[in-house]
Amino acid sequence: MPQPAGIDPSLLDPIDPLPLRSRTPIEWGRSALADPISLLIDHAFLEKKAANNAMELMTHWPGDWLPGWVDAMTAVARDEAAHLAHVVRLLSRKGGKLARTHKNPYANALRLLVRKGDANQIVDRLFVSALIELRSCERFAILARAAADGPAQDADLSSFYGALCSSEMGHYKLFLKLARKIAPRASLEARWLDMLESEARIMAEQPPGPRIHSGWNAYAR
Ligand SMILES: [Fe+2]
Ligand SMILES: [Fe+2]
């Protein structure tokens with residue numbers, strides 16, 4: 001099968017390179033692409049929230065100061081705003097309009113995992129941000145594949161999702177790197193593994209539908 005332009009081939013490798021504790025089937029991508037306008041509206045809000053999250057974290061560096069923190073958050077916010085602009089352009093080209101409000105029970109449930117208290121809280125916020133980036137990256141890889149060879153074939157969309165997957169993968173790595181600057185790696189490992197398990201549980205509870213973080217039980221083989 002030819003691979004869509006702009007996608008990191010390792011992300012499509014059958015040997016799973018992502019640490020996610022559950023994986024999304026291609027049927028989820030094909031089903032989500034059957035309603036591209038709803039999918040793009042949901043997607044636009046995710047990019048907006050990702051930009052807001054980075055802007056919010058920008059002034060929450062741990063302790064007195066962490067070199068590189070503000071620069072990292074500025075870079076993520078800029079990337080997410082660019083993604084948002086691109087999604088809105090695609091939405092408009094397809095004849096859709098942005099809605100005024102949006103719900104994301106997946107992200108809300110993840111945010112409930114954040115512990116209170118200085119160091120724990122900021123580490124957990126970084127981990128939740130990393131999890132959302134990681135799952136989004138996985139979903140964009142699936143969508144890139146589904147748009148490349150499925151019934152809703154769309155080379156531009158496939159290439160766009162492929163590029164987004166690479167960008168979100170970079171953000172995922174950045175959030176983890178920042179967490180590892182705050183606390184020793186050994187003390188973070190158990191918490192990160194717990195968070196990965198919780199993410200899979202929360203994802204399994206999501207209803208299906210044309211949304212980036214929807215569930216997939218309805219499409220299970
Ligand atoms: Fe993004
Ligand atoms: Fe991102």
# chains A, B, ... in the order shown; residues from 1 in each chain; ligands from 1

call {"tool": "closest_atom_pairs", "arguments": {"of": "chain A", "to": "ligand 1", "cutoff": "10 Å", "atoms": "only C-alpha atoms and all ligand atoms", "output": "JSON lines"}}
result
{"residue": "A:His43", "atom": "CA", "partner": "ligand 1", "partner_atom_place_in_ligand_line": "1 (Fe)", "distance": 8.9}
{"residue": "A:Ala44", "atom": "CA", "partner": "ligand 1", "partner_atom_place_in_ligand_line": "1 (Fe)", "distance": 9.0}
{"residue": "A:Leu46", "atom": "CA", "partner": "ligand 1", "partner_atom_place_in_ligand_line": "1 (Fe)", "distance": 7.5}
{"residue": "A:Glu47", "atom": "CA", "partner": "ligand 1", "partner_atom_place_in_ligand_line": "1 (Fe)", "distance": 4.9}
{"residue": "A:Lys48", "atom": "CA", "partner": "ligand 1", "partner_atom_place_in_ligand_line": "1 (Fe)", "distance": 8.3}
{"residue": "A:Lys49", "atom": "CA", "partner": "ligand 1", "partner_atom_place_in_ligand_line": "1 (Fe)", "distance": 9.2}
{"residue": "A:Ala50", "atom": "CA", "partner": "ligand 1", "partner_atom_place_in_ligand_line": "1 (Fe)", "distance": 6.5}
{"residue": "A:Ala51", "atom": "CA", "partner": "ligand 1", "partner_atom_place_in_ligand_line": "1 (Fe)", "distance": 7.8}
{"residue": "A:Val76", "atom": "CA", "partner": "ligand 1", "partner_atom_place_in_ligand_line": "1 (Fe)", "distance": 8.3}
{"residue": "A:Ala77", "atom": "CA", "partner": "ligand 1", "partner_atom_place_in_ligand_line": "1 (Fe)", "distance": 8.8}
{"residue": "A:Arg78", "atom": "CA", "partner": "ligand 1", "partner_atom_place_in_ligand_line": "1 (Fe)", "distance": 9.5}
{"residue": "A:Asp79", "atom": "CA", "partner": "ligand 1", "partner_atom_place_in_ligand_line": "1 (Fe)", "distance": 6.5}
{"residue": "A:Glu80", "atom": "CA", "partner": "ligand 1", "partner_atom_place_in_ligand_line": "1 (Fe)", "distance": 4.3}
{"residue": "A:Ala81", "atom": "CA", "partner": "ligand 1", "partner_atom_place_in_ligand_line": "1 (Fe)", "distance": 7.7}
{"residue": "A:Ala82", "atom": "CA", "partner": "ligand 1", "partner_atom_place_in_ligand_line": "1 (Fe)", "distance": 8.0}
{"residue": "A:His83", "atom": "CA", "partner": "ligand 1", "partner_atom_place_in_ligand_line": "1 (Fe)", "distance": 5.3}
{"residue": "A:Leu84", "atom": "CA", "partner": "ligand 1", "partner_atom_place_in_ligand_line": "1 (Fe)", "distance": 7.2}
{"residue": "A:Val87", "atom": "CA", "partner": "ligand 1", "partner_atom_place_in_ligand_line": "1 (Fe)", "distance": 9.7}
{"residue": "A:Glu133", "atom": "CA", "partner": "ligand 1", "partner_atom_place_in_ligand_line": "1 (Fe)", "distance": 7.8}
{"residue": "A:Ser136", "atom": "CA", "partner": "ligand 1", "partner_atom_place_in_ligand_line": "1 (Fe)", "distance": 8.2}
{"residue": "A:Cys137", "atom": "CA", "partner": "ligand 1", "partner_atom_place_in_ligand_line": "1 (Fe)", "distance": 9.0}
{"residue": "A:Leu164", "atom": "CA", "partner": "ligand 1", "partner_atom_place_in_ligand_line": "1 (Fe)", "distance": 6.5}
{"residue": "A:Cys165", "atom": "CA", "partner": "ligand 1", "partner_atom_place_in_ligand_line": "1 (Fe)", "distance": 8.5}
{"residue": "A:Ser166", "atom": "CA", "partner": "ligand 1", "partner_atom_place_in_ligand_line": "1 (Fe)", "distance": 9.8}
{"residue": "A:Ser167", "atom": "CA", "partner": "ligand 1", "partner_atom_place_in_ligand_line": "1 (Fe)", "distance": 7.0}
{"residue": "A:Glu168", "atom": "CA", "partner": "ligand 1", "partner_atom_place_in_ligand_line": "1 (Fe)", "distance": 5.9}
{"residue": "A:Met169", "atom": "CA", "partner": "ligand 1", "partner_atom_place_in_ligand_line": "1 (Fe)", "distance": 9.7}
{"residue": "A:His171", "atom": "CA", "partner": "ligand 1", "partner_atom_place_in_ligand_line": "1 (Fe)", "distance": 8.5}

call {"tool": "write_last_selection", "arguments": {"atoms": "C-alpha atoms", "output": "PDB file, in the first residue's frame"}}
result
ATOM      1  CA  HIS A  43     -10.788  18.730  15.533  1.00  0.00           C
ATOM      2  CA  ALA A  44     -10.758  22.545  15.406  1.00  0.00           C
ATOM      3  CA  LEU A  46      -9.062  20.234  20.032  1.00  0.00           C
ATOM      4  CA  GLU A  47      -6.427  22.445  18.408  1.00  0.00           C
ATOM      5  CA  LYS A  48      -7.905  25.513  20.104  1.00  0.00           C
ATOM      6  CA  LYS A  49      -7.804  23.752  23.484  1.00  0.00           C
ATOM      7  CA  ALA A  50      -4.251  22.532  22.880  1.00  0.00           C
ATOM      8  CA  ALA A  51      -3.177  26.135  22.137  1.00  0.00           C
ATOM      9  CA  VAL A  76       3.563  24.502  21.196  1.00  0.00           C
ATOM     10  CA  ALA A  77       0.952  27.292  21.315  1.00  0.00           C
ATOM     11  CA  ARG A  78       2.190  28.609  17.947  1.00  0.00           C
ATOM     12  CA  ASP A  79       2.039  25.116  16.370  1.00  0.00           C
ATOM     13  CA  GLU A  80      -1.467  24.479  17.696  1.00  0.00           C
ATOM     14  CA  ALA A  81      -2.719  27.853  16.454  1.00  0.00           C
ATOM     15  CA  ALA A  82      -1.296  27.006  13.004  1.00  0.00           C
ATOM     16  CA  HIS A  83      -3.037  23.597  13.106  1.00  0.00           C
ATOM     17  CA  LEU A  84      -6.280  25.324  14.071  1.00  0.00           C
ATOM     18  CA  VAL A  87      -8.388  22.839  10.115  1.00  0.00           C
ATOM     19  CA  GLU A 133      -0.776  14.435  22.151  1.00  0.00           C
ATOM     20  CA  SER A 136      -4.071  12.405  18.881  1.00  0.00           C
ATOM     21  CA  CYS A 137      -0.929  11.344  17.029  1.00  0.00           C
ATOM     22  CA  LEU A 164      -0.184  16.588  12.130  1.00  0.00           C
ATOM     23  CA  CYS A 165       0.758  13.178  13.468  1.00  0.00           C
ATOM     24  CA  SER A 166       4.453  14.102  13.263  1.00  0.00           C
ATOM     25  CA  SER A 167       3.856  17.474  14.913  1.00  0.00           C
ATOM     26  CA  GLU A 168       1.808  16.026  17.805  1.00  0.00           C
ATOM     27  CA  MET A 169       4.466  13.334  18.286  1.00  0.00           C
ATOM     28  CA  HIS A 171       4.743  17.798  21.376  1.00  0.00           C
TER      29      HIS A 171
END

call {"tool": "residues_around", "arguments": {"residues": "A:Arg30", "least_positions_apart": "2", "cutoff": "10 Å", "atoms": "only C-alpha atoms", "output": "list of chain:residue names"}}
result
A:Pro25, A:Ile26, A:Glu27, A:Trp28, A:Ala32, A:Leu33, A:Ala34, A:Asp35, A:Ile142, A:Leu143, A:Arg145, A:Ala146, A:Ala147, A:Asp149, A:Gly150, A:Pro151, A:Ala152, A:Gln153, A:Pro210, A:Tyr219

call {"tool": "write_last_selection", "arguments": {"atoms": "C-alpha atoms", "output": "PDB file, in the first residue's frame"}}
result
ATOM      1  CA  PRO A  25      -8.572  -0.067  14.495  1.00  0.00           C
ATOM      2  CA  ILE A  26      -8.589   1.339  10.942  1.00  0.00           C
ATOM      3  CA  GLU A  27     -12.394   0.907  10.931  1.00  0.00           C
ATOM      4  CA  TRP A  28     -12.610   3.782  13.418  1.00  0.00           C
ATOM      5  CA  ALA A  32     -15.022   8.979  11.349  1.00  0.00           C
ATOM      6  CA  LEU A  33     -14.202  10.131   7.806  1.00  0.00           C
ATOM      7  CA  ALA A  34     -17.756   9.359   6.690  1.00  0.00           C
ATOM      8  CA  ASP A  35     -18.756  12.650   8.390  1.00  0.00           C
ATOM      9  CA  ILE A 142      -5.108   6.137  11.418  1.00  0.00           C
ATOM     10  CA  LEU A 143      -6.979   8.957   9.666  1.00  0.00           C
ATOM     11  CA  ARG A 145      -4.213   5.828   6.336  1.00  0.00           C
ATOM     12  CA  ALA A 146      -8.013   5.725   6.082  1.00  0.00           C
ATOM     13  CA  ALA A 147      -8.061   8.884   3.922  1.00  0.00           C
ATOM     14  CA  ASP A 149      -6.989   4.192   0.715  1.00  0.00           C
ATOM     15  CA  GLY A 150     -10.533   4.095   2.131  1.00  0.00           C
ATOM     16  CA  PRO A 151     -13.876   4.862   0.474  1.00  0.00           C
ATOM     17  CA  ALA A 152     -13.543   8.580   1.417  1.00  0.00           C
ATOM     18  CA  GLN A 153     -10.217   8.837  -0.442  1.00  0.00           C
ATOM     19  CA  PRO A 210     -17.081  11.494  14.200  1.00  0.00           C
ATOM     20  CA  TYR A 219     -16.332  -0.828  14.923  1.00  0.00           C
TER      21      TYR A 219
END

call {"tool": "atom_distance", "arguments": {"atom1": "atom CA of A:Leu66", "atom2": "atom CA of A:Ile122"}}
result
12.4 Å

call {"tool": "atom_distance", "arguments": {"atom1": "atom CA of A:Asn217", "atom2": "atom CA of A:Arg21"}}
result
15.4 Å

call {"tool": "closest_residue", "arguments": {"among": "A:Tyr106, A:Phe140, A:Tyr172, A:Trp61", "to": "ligand 2", "atoms": "only C-alpha atoms and all ligand atoms"}}
result
A:Tyr172

call {"tool": "atom_distance", "arguments": {"atom1": "atom CA of A:Gly29", "atom2": "atom CA of A:Leu90"}}
result
17.6 Å

call {"tool": "residues_around", "arguments": {"residues": "stretch 206-209 of chain A", "least_positions_apart": "4", "cutoff": "7 Å", "atoms": "only C-alpha atoms", "output": "JSON, numbers by chain"}}
result
{"A": [32, 106, 202, 214, 215, 216, 218]}

call {"tool": "write_last_selection", "arguments": {"atoms": "N, CA and C atoms", "output": "PDB file, in the first residue's frame"}}
result
ATOM      1  N   ALA A  32     -15.105   7.549  11.010  1.00  0.00           N
ATOM      2  CA  ALA A  32     -15.022   8.979  11.349  1.00  0.00           C
ATOM      3  C   ALA A  32     -14.995   9.833  10.086  1.00  0.00           C
ATOM      4  N   TYR A 106     -13.421  12.997  26.966  1.00  0.00           N
ATOM      5  CA  TYR A 106     -12.134  12.280  27.074  1.00  0.00           C
ATOM      6  C   TYR A 106     -11.106  13.161  27.798  1.00  0.00           C
ATOM      7  N   ILE A 202     -10.113   5.241  30.099  1.00  0.00           N
ATOM      8  CA  ILE A 202     -10.967   6.389  29.749  1.00  0.00           C
ATOM      9  C   ILE A 202     -11.349   6.323  28.262  1.00  0.00           C
ATOM     10  N   SER A 214     -13.094   9.865  19.945  1.00  0.00           N
ATOM     11  CA  SER A 214     -14.283   9.032  20.195  1.00  0.00           C
ATOM     12  C   SER A 214     -13.865   7.580  20.421  1.00  0.00           C
ATOM     13  N   GLY A 215     -14.829   6.793  20.932  1.00  0.00           N
ATOM     14  CA  GLY A 215     -14.575   5.374  21.163  1.00  0.00           C
ATOM     15  C   GLY A 215     -14.684   4.580  19.870  1.00  0.00           C
ATOM     16  N   TRP A 216     -14.355   3.311  19.921  1.00  0.00           N
ATOM     17  CA  TRP A 216     -14.385   2.504  18.693  1.00  0.00           C
ATOM     18  C   TRP A 216     -15.054   1.148  18.877  1.00  0.00           C
ATOM     19  N   ALA A 218     -17.974   0.164  18.625  1.00  0.00           N
ATOM     20  CA  ALA A 218     -18.954  -0.145  17.593  1.00  0.00           C
ATOM     21  C   ALA A 218     -18.300  -0.681  16.330  1.00  0.00           C
TER      22      ALA A 218
END

call {"tool": "closest_residue", "arguments": {"among": "A:Ala109, A:Leu40, A:Leu126, A:Leu131", "to": "A:Ala85", "atoms": "only C-alpha atoms"}}
result
A:Leu40

call {"tool": "residues_around", "arguments": {"residues": "A:Pro19", "least_positions_apart": "4", "cutoff": "10 Å", "atoms": "only C-alpha atoms", "output": "list in words"}}
result
Arg23, Leu131, Leu134, Arg135, Leu193 and Leu196 of chain A
